[in-house]
file input_16.cif (mmCIF, N, CA and C atoms)
data_structure
#
loop_
_atom_site.label_atom_id
_atom_site.label_comp_id
_atom_site.auth_asym_id
_atom_site.auth_seq_id
_atom_site.Cartn_x
_atom_site.Cartn_y
_atom_site.Cartn_z
N ARG A 1 148.45 -73.15 155.44
CA ARG A 1 149.05 -71.99 156.09
C ARG A 1 150.35 -71.64 155.36
N ARG A 2 150.51 -70.37 155.05
CA ARG A 2 151.68 -69.90 154.32
C ARG A 2 152.88 -69.76 155.24
N GLU A 3 154.03 -70.27 154.80
CA GLU A 3 155.24 -70.19 155.61
C GLU A 3 155.81 -68.77 155.57
N CYS A 4 156.31 -68.30 156.70
CA CYS A 4 156.89 -66.96 156.78
C CYS A 4 158.31 -66.97 156.22
N ALA A 5 158.84 -65.79 155.96
CA ALA A 5 160.19 -65.66 155.40
C ALA A 5 161.24 -66.23 156.34
N ALA A 6 161.12 -65.98 157.65
CA ALA A 6 162.09 -66.48 158.61
C ALA A 6 162.11 -68.01 158.60
N GLY A 7 160.94 -68.62 158.51
CA GLY A 7 160.86 -70.07 158.46
C GLY A 7 161.47 -70.63 157.18
N ALA A 8 161.21 -69.95 156.06
CA ALA A 8 161.76 -70.40 154.77
C ALA A 8 163.28 -70.30 154.75
N VAL A 9 163.82 -69.22 155.27
CA VAL A 9 165.28 -69.05 155.31
C VAL A 9 165.90 -70.08 156.25
N SER A 10 165.26 -70.32 157.39
CA SER A 10 165.77 -71.32 158.33
C SER A 10 165.76 -72.71 157.70
N ARG A 11 164.68 -73.04 157.00
CA ARG A 11 164.60 -74.35 156.35
C ARG A 11 165.65 -74.49 155.27
N ALA A 12 165.90 -73.40 154.53
CA ALA A 12 166.94 -73.42 153.49
C ALA A 12 168.31 -73.65 154.12
N ALA A 13 168.58 -73.04 155.27
CA ALA A 13 169.86 -73.24 155.95
C ALA A 13 169.99 -74.70 156.39
N GLU A 14 168.93 -75.25 156.92
CA GLU A 14 168.95 -76.65 157.35
C GLU A 14 169.16 -77.57 156.16
N THR A 15 168.45 -77.32 155.07
CA THR A 15 168.59 -78.13 153.86
C THR A 15 170.01 -78.02 153.31
N GLY A 16 170.62 -76.86 153.46
CA GLY A 16 171.98 -76.63 152.98
C GLY A 16 173.06 -77.24 153.87
N GLY A 17 172.67 -77.83 154.99
CA GLY A 17 173.64 -78.52 155.83
C GLY A 17 173.93 -77.88 157.18
N ALA A 18 173.21 -76.82 157.54
CA ALA A 18 173.45 -76.19 158.84
C ALA A 18 173.14 -77.18 159.97
N ASP A 19 173.99 -77.19 160.98
CA ASP A 19 173.79 -78.06 162.14
C ASP A 19 172.93 -77.39 163.21
N ALA A 20 172.90 -76.05 163.18
CA ALA A 20 172.15 -75.28 164.17
C ALA A 20 171.96 -73.87 163.61
N LEU A 21 171.07 -73.12 164.23
CA LEU A 21 170.81 -71.73 163.86
C LEU A 21 170.92 -70.86 165.09
N SER A 22 171.25 -69.59 164.89
CA SER A 22 171.14 -68.63 165.99
C SER A 22 170.29 -67.47 165.48
N LEU A 23 169.37 -67.04 166.33
CA LEU A 23 168.47 -65.94 166.01
C LEU A 23 168.43 -65.02 167.22
N ILE A 24 168.25 -63.73 167.19
CA ILE A 24 168.24 -62.83 166.07
C ILE A 24 169.32 -61.77 166.19
N ASN A 25 169.83 -61.58 167.36
CA ASN A 25 170.87 -60.62 167.69
C ASN A 25 170.38 -59.18 167.63
N THR A 26 170.49 -58.46 166.52
CA THR A 26 170.12 -57.04 166.49
C THR A 26 169.22 -56.75 165.30
N LEU A 27 168.57 -55.59 165.36
CA LEU A 27 167.77 -55.08 164.24
C LEU A 27 168.37 -53.75 163.80
N THR A 28 168.36 -53.50 162.52
CA THR A 28 168.83 -52.21 162.02
C THR A 28 167.87 -51.12 162.48
N ALA A 29 168.42 -50.02 162.97
CA ALA A 29 167.61 -48.94 163.52
C ALA A 29 168.26 -47.60 163.23
N MET A 30 167.52 -46.54 163.49
CA MET A 30 168.10 -45.20 163.37
C MET A 30 167.39 -44.24 164.30
N ALA A 31 168.03 -43.12 164.54
CA ALA A 31 167.48 -42.05 165.36
C ALA A 31 167.71 -40.74 164.62
N VAL A 32 166.77 -39.80 164.80
CA VAL A 32 166.81 -38.55 164.06
C VAL A 32 166.75 -37.37 165.03
N ASP A 33 167.56 -36.35 164.77
CA ASP A 33 167.50 -35.09 165.52
C ASP A 33 166.55 -34.18 164.75
N PRO A 34 165.34 -33.93 165.27
CA PRO A 34 164.35 -33.13 164.52
C PRO A 34 164.74 -31.66 164.39
N ILE A 35 165.56 -31.14 165.31
CA ILE A 35 165.98 -29.75 165.22
C ILE A 35 167.02 -29.58 164.10
N ALA A 36 168.02 -30.43 164.11
CA ALA A 36 169.07 -30.37 163.09
C ALA A 36 168.63 -31.01 161.77
N ARG A 37 167.53 -31.76 161.84
CA ARG A 37 167.02 -32.47 160.65
C ARG A 37 168.07 -33.41 160.06
N ARG A 38 168.74 -34.10 160.98
CA ARG A 38 169.82 -35.01 160.57
C ARG A 38 169.74 -36.29 161.40
N PRO A 39 170.29 -37.36 160.85
CA PRO A 39 170.40 -38.58 161.67
C PRO A 39 171.34 -38.31 162.85
N ILE A 40 171.05 -38.92 163.98
CA ILE A 40 171.90 -38.75 165.15
C ILE A 40 173.20 -39.54 164.99
N LEU A 41 173.13 -40.70 164.35
CA LEU A 41 174.32 -41.53 164.17
C LEU A 41 175.08 -41.12 162.91
N ALA A 42 176.39 -41.10 163.00
CA ALA A 42 177.23 -40.72 161.86
C ALA A 42 177.02 -41.64 160.66
N ASN A 43 176.77 -42.92 160.90
CA ASN A 43 176.54 -43.87 159.80
C ASN A 43 175.08 -43.91 159.36
N VAL A 44 174.27 -43.02 159.83
CA VAL A 44 172.84 -42.91 159.58
C VAL A 44 172.06 -44.00 160.32
N THR A 45 172.44 -45.25 160.16
CA THR A 45 171.76 -46.33 160.87
C THR A 45 172.74 -47.03 161.82
N GLY A 46 172.16 -47.70 162.77
CA GLY A 46 172.93 -48.49 163.73
C GLY A 46 172.12 -49.72 164.06
N VAL A 47 172.26 -50.21 165.29
CA VAL A 47 171.52 -51.42 165.66
C VAL A 47 170.74 -51.20 166.94
N LEU A 48 169.66 -51.94 167.06
CA LEU A 48 168.82 -51.97 168.25
C LEU A 48 168.95 -53.37 168.83
N SER A 49 169.18 -53.45 170.13
CA SER A 49 169.32 -54.76 170.76
C SER A 49 168.71 -54.71 172.14
N GLY A 50 168.80 -55.82 172.85
CA GLY A 50 168.31 -55.88 174.22
C GLY A 50 166.81 -56.10 174.29
N PRO A 51 166.22 -55.77 175.45
CA PRO A 51 164.80 -56.06 175.68
C PRO A 51 163.85 -55.50 174.61
N ALA A 52 164.24 -54.44 173.93
CA ALA A 52 163.36 -53.87 172.91
C ALA A 52 163.09 -54.82 171.75
N ILE A 53 164.01 -55.74 171.47
CA ILE A 53 163.81 -56.63 170.33
C ILE A 53 163.26 -58.01 170.72
N LYS A 54 163.06 -58.24 172.02
CA LYS A 54 162.61 -59.55 172.47
C LYS A 54 161.30 -60.00 171.82
N PRO A 55 160.27 -59.17 171.72
CA PRO A 55 159.04 -59.65 171.07
C PRO A 55 159.25 -60.10 169.62
N VAL A 56 160.11 -59.40 168.90
CA VAL A 56 160.42 -59.80 167.52
C VAL A 56 161.17 -61.13 167.53
N ALA A 57 162.13 -61.27 168.44
CA ALA A 57 162.91 -62.50 168.53
C ALA A 57 162.01 -63.69 168.86
N LEU A 58 161.10 -63.52 169.81
CA LEU A 58 160.20 -64.62 170.17
C LEU A 58 159.34 -65.04 168.99
N ARG A 59 158.84 -64.08 168.25
CA ARG A 59 158.04 -64.40 167.06
C ARG A 59 158.85 -65.19 166.06
N MET A 60 160.08 -64.75 165.82
CA MET A 60 160.94 -65.45 164.86
C MET A 60 161.27 -66.85 165.35
N PHE A 61 161.52 -67.01 166.63
CA PHE A 61 161.80 -68.33 167.19
C PHE A 61 160.63 -69.27 166.98
N TYR A 62 159.47 -68.78 167.31
CA TYR A 62 158.28 -69.62 167.16
C TYR A 62 158.11 -70.05 165.71
N GLN A 63 158.22 -69.09 164.78
CA GLN A 63 158.04 -69.42 163.36
C GLN A 63 159.12 -70.36 162.85
N CYS A 64 160.36 -70.12 163.20
CA CYS A 64 161.46 -70.96 162.72
C CYS A 64 161.41 -72.36 163.31
N SER A 65 161.02 -72.45 164.58
CA SER A 65 160.98 -73.78 165.21
C SER A 65 159.91 -74.65 164.59
N GLN A 66 158.93 -74.04 163.94
CA GLN A 66 157.89 -74.80 163.24
C GLN A 66 158.39 -75.32 161.89
N SER A 67 159.50 -74.79 161.42
CA SER A 67 160.00 -75.10 160.07
C SER A 67 161.23 -75.99 160.04
N VAL A 68 161.97 -76.09 161.15
CA VAL A 68 163.22 -76.86 161.15
C VAL A 68 163.28 -77.85 162.30
N GLY A 69 164.18 -78.82 162.16
CA GLY A 69 164.38 -79.80 163.22
C GLY A 69 165.72 -79.65 163.90
N ILE A 70 166.56 -78.73 163.42
CA ILE A 70 167.88 -78.51 164.03
C ILE A 70 167.76 -77.55 165.21
N PRO A 71 168.71 -77.59 166.13
CA PRO A 71 168.65 -76.70 167.30
C PRO A 71 168.74 -75.23 166.90
N ILE A 72 168.05 -74.40 167.67
CA ILE A 72 168.09 -72.95 167.48
C ILE A 72 168.60 -72.33 168.78
N VAL A 73 169.62 -71.48 168.68
CA VAL A 73 170.19 -70.78 169.83
C VAL A 73 169.53 -69.41 169.93
N GLY A 74 169.02 -69.09 171.10
CA GLY A 74 168.27 -67.87 171.29
C GLY A 74 169.09 -66.70 171.78
N LEU A 75 168.91 -65.58 171.12
CA LEU A 75 169.45 -64.32 171.59
C LEU A 75 168.53 -63.21 171.10
N GLY A 76 168.56 -62.12 171.80
CA GLY A 76 167.69 -61.02 171.43
C GLY A 76 166.82 -60.58 172.59
N GLY A 77 167.42 -60.00 173.60
CA GLY A 77 166.65 -59.44 174.70
C GLY A 77 166.57 -60.31 175.93
N ILE A 78 167.43 -61.29 176.06
CA ILE A 78 167.39 -62.17 177.23
C ILE A 78 168.08 -61.48 178.41
N ALA A 79 167.29 -61.23 179.46
CA ALA A 79 167.83 -60.53 180.62
C ALA A 79 167.38 -61.15 181.94
N SER A 80 166.60 -62.25 181.87
CA SER A 80 166.10 -62.88 183.09
C SER A 80 165.87 -64.37 182.86
N GLY A 81 165.68 -65.09 183.96
CA GLY A 81 165.35 -66.50 183.85
C GLY A 81 164.03 -66.71 183.14
N ARG A 82 163.09 -65.84 183.39
CA ARG A 82 161.78 -65.94 182.72
C ARG A 82 161.94 -65.75 181.21
N ASP A 83 162.81 -64.83 180.80
CA ASP A 83 163.09 -64.65 179.37
C ASP A 83 163.58 -65.95 178.75
N VAL A 84 164.47 -66.65 179.47
CA VAL A 84 165.00 -67.91 178.96
C VAL A 84 163.87 -68.90 178.74
N VAL A 85 162.96 -69.02 179.70
CA VAL A 85 161.84 -69.95 179.57
C VAL A 85 160.98 -69.56 178.37
N GLU A 86 160.75 -68.29 178.16
CA GLU A 86 159.96 -67.85 177.01
C GLU A 86 160.62 -68.28 175.70
N PHE A 87 161.94 -68.14 175.61
CA PHE A 87 162.66 -68.56 174.40
C PHE A 87 162.60 -70.07 174.23
N LEU A 88 162.73 -70.83 175.34
CA LEU A 88 162.61 -72.29 175.26
C LEU A 88 161.23 -72.68 174.75
N LEU A 89 160.20 -72.06 175.29
CA LEU A 89 158.83 -72.37 174.87
C LEU A 89 158.63 -72.13 173.37
N CYS A 90 159.33 -71.13 172.85
CA CYS A 90 159.20 -70.79 171.42
C CYS A 90 160.17 -71.56 170.53
N GLY A 91 161.00 -72.44 171.12
CA GLY A 91 161.83 -73.31 170.29
C GLY A 91 163.32 -73.28 170.50
N ALA A 92 163.83 -72.42 171.36
CA ALA A 92 165.28 -72.36 171.58
C ALA A 92 165.76 -73.60 172.33
N ARG A 93 166.94 -74.07 171.96
CA ARG A 93 167.59 -75.19 172.67
C ARG A 93 168.69 -74.68 173.60
N ALA A 94 169.16 -73.48 173.34
CA ALA A 94 170.17 -72.82 174.17
C ALA A 94 169.95 -71.33 174.00
N VAL A 95 170.51 -70.53 174.90
CA VAL A 95 170.34 -69.08 174.82
C VAL A 95 171.66 -68.37 175.11
N MET A 96 171.70 -67.12 174.72
CA MET A 96 172.85 -66.25 175.00
C MET A 96 172.34 -64.91 175.50
N ALA A 97 173.04 -64.33 176.45
CA ALA A 97 172.71 -62.99 176.92
C ALA A 97 173.83 -62.07 176.45
N GLY A 98 173.47 -61.01 175.78
CA GLY A 98 174.46 -60.06 175.27
C GLY A 98 174.34 -58.71 175.93
N THR A 99 173.32 -57.96 175.56
CA THR A 99 173.14 -56.60 176.05
C THR A 99 173.08 -56.56 177.58
N ALA A 100 172.45 -57.56 178.19
CA ALA A 100 172.34 -57.60 179.66
C ALA A 100 173.70 -57.59 180.32
N THR A 101 174.71 -58.17 179.66
CA THR A 101 176.04 -58.23 180.26
C THR A 101 176.78 -56.89 180.17
N LEU A 102 176.29 -55.97 179.35
CA LEU A 102 176.93 -54.65 179.26
C LEU A 102 176.73 -53.85 180.54
N SER A 103 175.55 -54.00 181.14
CA SER A 103 175.29 -53.27 182.38
C SER A 103 175.64 -54.07 183.62
N ASN A 104 175.75 -55.40 183.47
CA ASN A 104 176.11 -56.24 184.60
C ASN A 104 176.91 -57.45 184.10
N PRO A 105 178.21 -57.46 184.29
CA PRO A 105 179.04 -58.57 183.83
C PRO A 105 178.62 -59.93 184.42
N ASN A 106 177.90 -59.91 185.54
CA ASN A 106 177.43 -61.14 186.17
C ASN A 106 176.02 -61.53 185.72
N ALA A 107 175.51 -60.90 184.68
CA ALA A 107 174.14 -61.16 184.23
C ALA A 107 173.91 -62.63 183.93
N GLY A 108 174.87 -63.29 183.31
CA GLY A 108 174.70 -64.71 182.98
C GLY A 108 174.47 -65.56 184.21
N LEU A 109 175.24 -65.30 185.26
CA LEU A 109 175.08 -66.06 186.51
C LEU A 109 173.73 -65.77 187.16
N LEU A 110 173.31 -64.51 187.12
CA LEU A 110 172.02 -64.14 187.71
C LEU A 110 170.86 -64.75 186.92
N ILE A 111 170.98 -64.76 185.60
CA ILE A 111 169.94 -65.35 184.75
C ILE A 111 169.85 -66.85 185.01
N LEU A 112 170.99 -67.51 185.12
CA LEU A 112 171.01 -68.95 185.40
C LEU A 112 170.36 -69.25 186.76
N ALA A 113 170.69 -68.48 187.77
CA ALA A 113 170.11 -68.70 189.10
C ALA A 113 168.59 -68.49 189.06
N ALA A 114 168.14 -67.46 188.35
CA ALA A 114 166.71 -67.20 188.24
C ALA A 114 166.01 -68.31 187.46
N LEU A 115 166.67 -68.83 186.42
CA LEU A 115 166.11 -69.93 185.64
C LEU A 115 165.96 -71.17 186.51
N GLU A 116 167.00 -71.49 187.27
CA GLU A 116 166.93 -72.65 188.16
C GLU A 116 165.80 -72.50 189.17
N ALA A 117 165.64 -71.31 189.74
CA ALA A 117 164.57 -71.07 190.71
C ALA A 117 163.20 -71.21 190.05
N PHE A 118 163.05 -70.70 188.84
CA PHE A 118 161.78 -70.80 188.12
C PHE A 118 161.44 -72.26 187.85
N ILE A 119 162.42 -73.03 187.41
CA ILE A 119 162.21 -74.45 187.10
C ILE A 119 161.75 -75.21 188.35
N VAL A 120 162.38 -74.96 189.48
CA VAL A 120 161.99 -75.61 190.73
C VAL A 120 160.58 -75.18 191.12
N GLN A 121 160.33 -73.87 191.06
CA GLN A 121 159.02 -73.33 191.44
C GLN A 121 157.89 -73.91 190.59
N GLN A 122 158.15 -74.11 189.30
CA GLN A 122 157.12 -74.61 188.39
C GLN A 122 157.06 -76.14 188.33
N GLY A 123 157.96 -76.83 189.04
CA GLY A 123 157.96 -78.28 189.05
C GLY A 123 158.43 -78.90 187.74
N ILE A 124 159.25 -78.17 187.01
CA ILE A 124 159.78 -78.65 185.73
C ILE A 124 160.98 -79.54 186.04
N LYS A 125 161.00 -80.73 185.44
CA LYS A 125 162.08 -81.67 185.73
C LYS A 125 163.30 -81.44 184.84
N THR A 126 163.09 -81.07 183.57
CA THR A 126 164.21 -80.81 182.65
C THR A 126 163.85 -79.62 181.77
N ASN A 127 164.89 -78.93 181.28
CA ASN A 127 164.66 -77.83 180.35
C ASN A 127 163.92 -78.32 179.11
N GLU A 128 164.19 -79.57 178.72
CA GLU A 128 163.60 -80.14 177.51
C GLU A 128 162.07 -80.13 177.56
N GLU A 129 161.51 -80.17 178.77
CA GLU A 129 160.04 -80.11 178.91
C GLU A 129 159.48 -78.81 178.36
N CYS A 130 160.31 -77.77 178.35
CA CYS A 130 159.85 -76.45 177.91
C CYS A 130 160.05 -76.22 176.40
N VAL A 131 161.00 -76.92 175.79
CA VAL A 131 161.35 -76.63 174.40
C VAL A 131 160.16 -76.91 173.48
N CYS A 132 159.77 -75.90 172.75
CA CYS A 132 158.65 -75.98 171.79
C CYS A 132 157.35 -76.39 172.46
N ALA A 133 157.18 -76.04 173.72
CA ALA A 133 155.99 -76.46 174.47
C ALA A 133 154.94 -75.36 174.57
N LEU A 134 155.02 -74.36 173.71
CA LEU A 134 154.05 -73.28 173.71
C LEU A 134 152.70 -73.82 173.29
N GLU A 135 151.68 -73.56 174.08
CA GLU A 135 150.33 -74.01 173.74
C GLU A 135 149.63 -72.90 172.98
N VAL A 136 149.40 -73.15 171.71
CA VAL A 136 148.78 -72.13 170.85
C VAL A 136 147.34 -72.51 170.56
#

call {"tool": "encode", "arguments": {"input": "input_16.cif", "output": "structure tokens"}}
result
Amino acid sequence: RRECAAGAVSRAAETGGADALSLINTLTAMAVDPIARRPILANVTGVLSGPAIKPVALRMFYQCSQSVGIPIVGLGGIASGRDVVEFLLCGARAVMAGTATLSNPNAGLLILAALEAFIVQQGIKTNEECVCALEV
């Protein structure tokens, strides 16, 4: 099986001495005004973040976790306790919520409460049970 670019870069970082990795934060994006035929953003491109990038982040987590042994911190669309579990299953050891906190400064507390409820509901004893536990 051929290794993906994200896995190769992650492995190179680990080989180079990295103690941990964080993935993915934002993706470069742009928007266009079809009437004016111009980019909407003054810099032409900007960034896309939040729930829209979560599927890309999960894919990258899964691929990178197959290539490295160091911890990976998850970010990229985390807005719920269920999102946290998805990132853990794909290899995250810790997570961060960014965009979710823009609309609700208490998002971190709400995500933590939802994660705790999910863990109890599913009978999970430790978060570690979920890390890299995706059944493929």

call {"tool": "residues_around", "arguments": {"input": "input_16.cif", "residues": "Gly81 (chain A)", "least_positions_apart": "4", "cutoff": "8 Å", "atoms": "all atoms listed in the file", "output": "list of chain:residue names"}}
result
A:Val85, A:Glu86, A:Phe87, A:Leu110, A:Ile111, A:Leu112, A:Ala113, A:Ala114, A:Leu115, A:Glu116, A:Ala117, A:Phe118, A:Ile119

call {"tool": "closest_residue", "arguments": {"input": "input_16.cif", "among": "A:Pro105, A:Gly7, A:Gly91, A:Gly77", "to": "Pro51 (chain A)", "atoms": "only N, CA and C atoms"}}
result
A:Gly77

call {"tool": "closest_residue", "arguments": {"input": "input_16.cif", "among": "A:Val68, A:Ile24, A:Leu58, A:Cys132", "to": "Ala12 (chain A)", "atoms": "only N, CA and C atoms"}}
result
A:Val68

call {"tool": "closest_residue", "arguments": {"input": "input_16.cif", "among": "A:Leu88, A:Ala31, A:Leu21, A:Cys4", "to": "Asn127 (chain A)", "atoms": "all atoms listed in the file"}}
result
A:Leu88

call {"tool": "resolve_selection", "arguments": {"input": "input_16.cif", "expression": "the PyMOL selection byres ((chain A and resi 75) around 6)", "output": "list in words"}}
result
Leu23, Ile24, Asn25, Val73, Gly74, Gly76, Gly77, Ile78, Val95 and Met96 of chain A

call {"tool": "write_last_selection", "arguments": {"input": "input_16.cif", "atoms": "N, CA and C atoms", "output": "compact mmCIF listing (two decimals), keeping the file's coordinate frame"}}
result
# COMPACT_ATOMS: atom_id res chain seq x y z
N LEU A 23 169.37 -67.04 166.33
CA LEU A 23 168.47 -65.94 166.01
C LEU A 23 168.43 -65.02 167.22
N ILE A 24 168.25 -63.73 167.19
CA ILE A 24 168.24 -62.83 166.07
C ILE A 24 169.32 -61.77 166.19
N ASN A 25 169.83 -61.58 167.36
CA ASN A 25 170.87 -60.62 167.69
C ASN A 25 170.38 -59.18 167.63
N VAL A 73 169.62 -71.48 168.68
CA VAL A 73 170.19 -70.78 169.83
C VAL A 73 169.53 -69.41 169.93
N GLY A 74 169.02 -69.09 171.10
CA GLY A 74 168.27 -67.87 171.29
C GLY A 74 169.09 -66.70 171.78
N GLY A 76 168.56 -62.12 171.80
CA GLY A 76 167.69 -61.02 171.43
C GLY A 76 166.82 -60.58 172.59
N GLY A 77 167.42 -60.00 173.60
CA GLY A 77 166.65 -59.44 174.70
C GLY A 77 166.57 -60.31 175.93
N ILE A 78 167.43 -61.29 176.06
CA ILE A 78 167.39 -62.17 177.23
C ILE A 78 168.08 -61.48 178.41
N VAL A 95 170.51 -70.53 174.90
CA VAL A 95 170.34 -69.08 174.82
C VAL A 95 171.66 -68.37 175.11
N MET A 96 171.70 -67.12 174.72
CA MET A 96 172.85 -66.25 175.00
C MET A 96 172.34 -64.91 175.50

call {"tool": "closest_residue", "arguments": {"input": "input_16.cif", "among": "A:Leu89, A:Met60, A:Val84, A:Val44", "to": "Glu129 (chain A)", "atoms": "all atoms listed in the file"}}
result
A:Leu89

call {"tool": "atom_distance", "arguments": {"input": "input_16.cif", "atom1": "CA of Gln122 (chain A)", "atom2": "atom N of Val136 (chain A)"}}
result
18.4 Å

call {"tool": "resolve_selection", "arguments": {"input": "input_16.cif", "expression": "the PyMOL selection byres (((chain A and resi 30 and name CA) around 12) and name CA)", "output": "list in words"}}
result
Leu27, Thr28, Ala29, Ala31, Val32, Asp33, Arg38, Pro39, Ile40, Leu41, Ala42, Asn43, Val44, Thr45, Gly46, Val47 and Leu48 of chain A

call {"tool": "resolve_selection", "arguments": {"input": "input_16.cif", "expression": "the PyMOL selection byres ((chain A and resi 64) around 8)", "output": "PyMOL selection string"}}
result
chain A and resi 4-11+58-63+65-69+72+90-91

call {"tool": "select_by_dssp", "arguments": {"input": "input_16.cif", "residues": "chain A", "states": "helix (DSSP H, G or I)", "output": "ChimeraX atom specification"}}
result
/A:5-15,50-65,81-89,99-103,107-122,127-129

call {"tool": "atom_distance", "arguments": {"input": "input_16.cif", "atom1": "atom C of Val120 (chain A)", "atom2": "atom C of Asn106 (chain A)"}}
result
21.3 Å

call {"tool": "atom_distance", "arguments": {"input": "input_16.cif", "atom1": "CA of Gly50 (chain A)", "atom2": "CA of Thr99 (chain A)"}}
result
5.2 Å

call {"tool": "closest_residue", "arguments": {"input": "input_16.cif", "among": "A:Ile70, A:Ala36, A:Val56, A:Ile124", "to": "Glu14 (chain A)", "atoms": "only C-alpha atoms"}}
result
A:Ile70

call {"tool": "axis_aligned_box", "arguments": {"input": "input_16.cif", "around": "region 1-20 of chain A", "padding_each_side": "4 Å", "output": "lines of an AutoDock Vina configuration file"}}
result
center_x = 161.2
center_y = -72.1
center_z = 158.6
size_x = 33.5
size_y = 20.9
size_z = 19.2

call {"tool": "decode", "arguments": {"input": "input_16.cif", "residues": "region 109-120 of chain A", "atoms": "N, CA and C atoms", "output": "short mmCIF file (atom, residue, chain, number, x, y, z; two decimals), in the first residue's frame"}}
result
data_model
loop_
_atom_site.label_atom_id
_atom_site.label_comp_id
_atom_site.auth_asym_id
_atom_site.auth_seq_id
_atom_site.Cartn_x
_atom_site.Cartn_y
_atom_site.Cartn_z
N LEU A 109 -16.61 24.02 26.99
CA LEU A 109 -17.29 23.39 28.13
C LEU A 109 -18.45 22.51 27.67
N LEU A 110 -19.18 22.98 26.67
CA LEU A 110 -20.31 22.20 26.15
C LEU A 110 -19.82 20.93 25.45
N ILE A 111 -18.73 21.04 24.71
CA ILE A 111 -18.15 19.87 24.02
C ILE A 111 -17.67 18.86 25.05
N LEU A 112 -17.01 19.32 26.10
CA LEU A 112 -16.53 18.43 27.16
C LEU A 112 -17.70 17.71 27.84
N ALA A 113 -18.76 18.44 28.16
CA ALA A 113 -19.92 17.82 28.80
C ALA A 113 -20.55 16.77 27.88
N ALA A 114 -20.66 17.09 26.59
CA ALA A 114 -21.23 16.13 25.64
C ALA A 114 -20.33 14.91 25.49
N LEU A 115 -19.01 15.12 25.50
CA LEU A 115 -18.07 14.00 25.41
C LEU A 115 -18.22 13.09 26.62
N GLU A 116 -18.28 13.68 27.81
CA GLU A 116 -18.44 12.88 29.02
C GLU A 116 -19.74 12.08 28.98
N ALA A 117 -20.82 12.69 28.52
CA ALA A 117 -22.11 11.99 28.42
C ALA A 117 -22.03 10.85 27.41
N PHE A 118 -21.37 11.08 26.29
CA PHE A 118 -21.22 10.05 25.26
C PHE A 118 -20.43 8.87 25.81
N ILE A 119 -19.35 9.15 26.51
CA ILE A 119 -18.49 8.10 27.07
C ILE A 119 -19.29 7.24 28.06
N VAL A 120 -20.07 7.87 28.92
CA VAL A 120 -20.89 7.13 29.88
C VAL A 120 -21.93 6.30 29.14
#
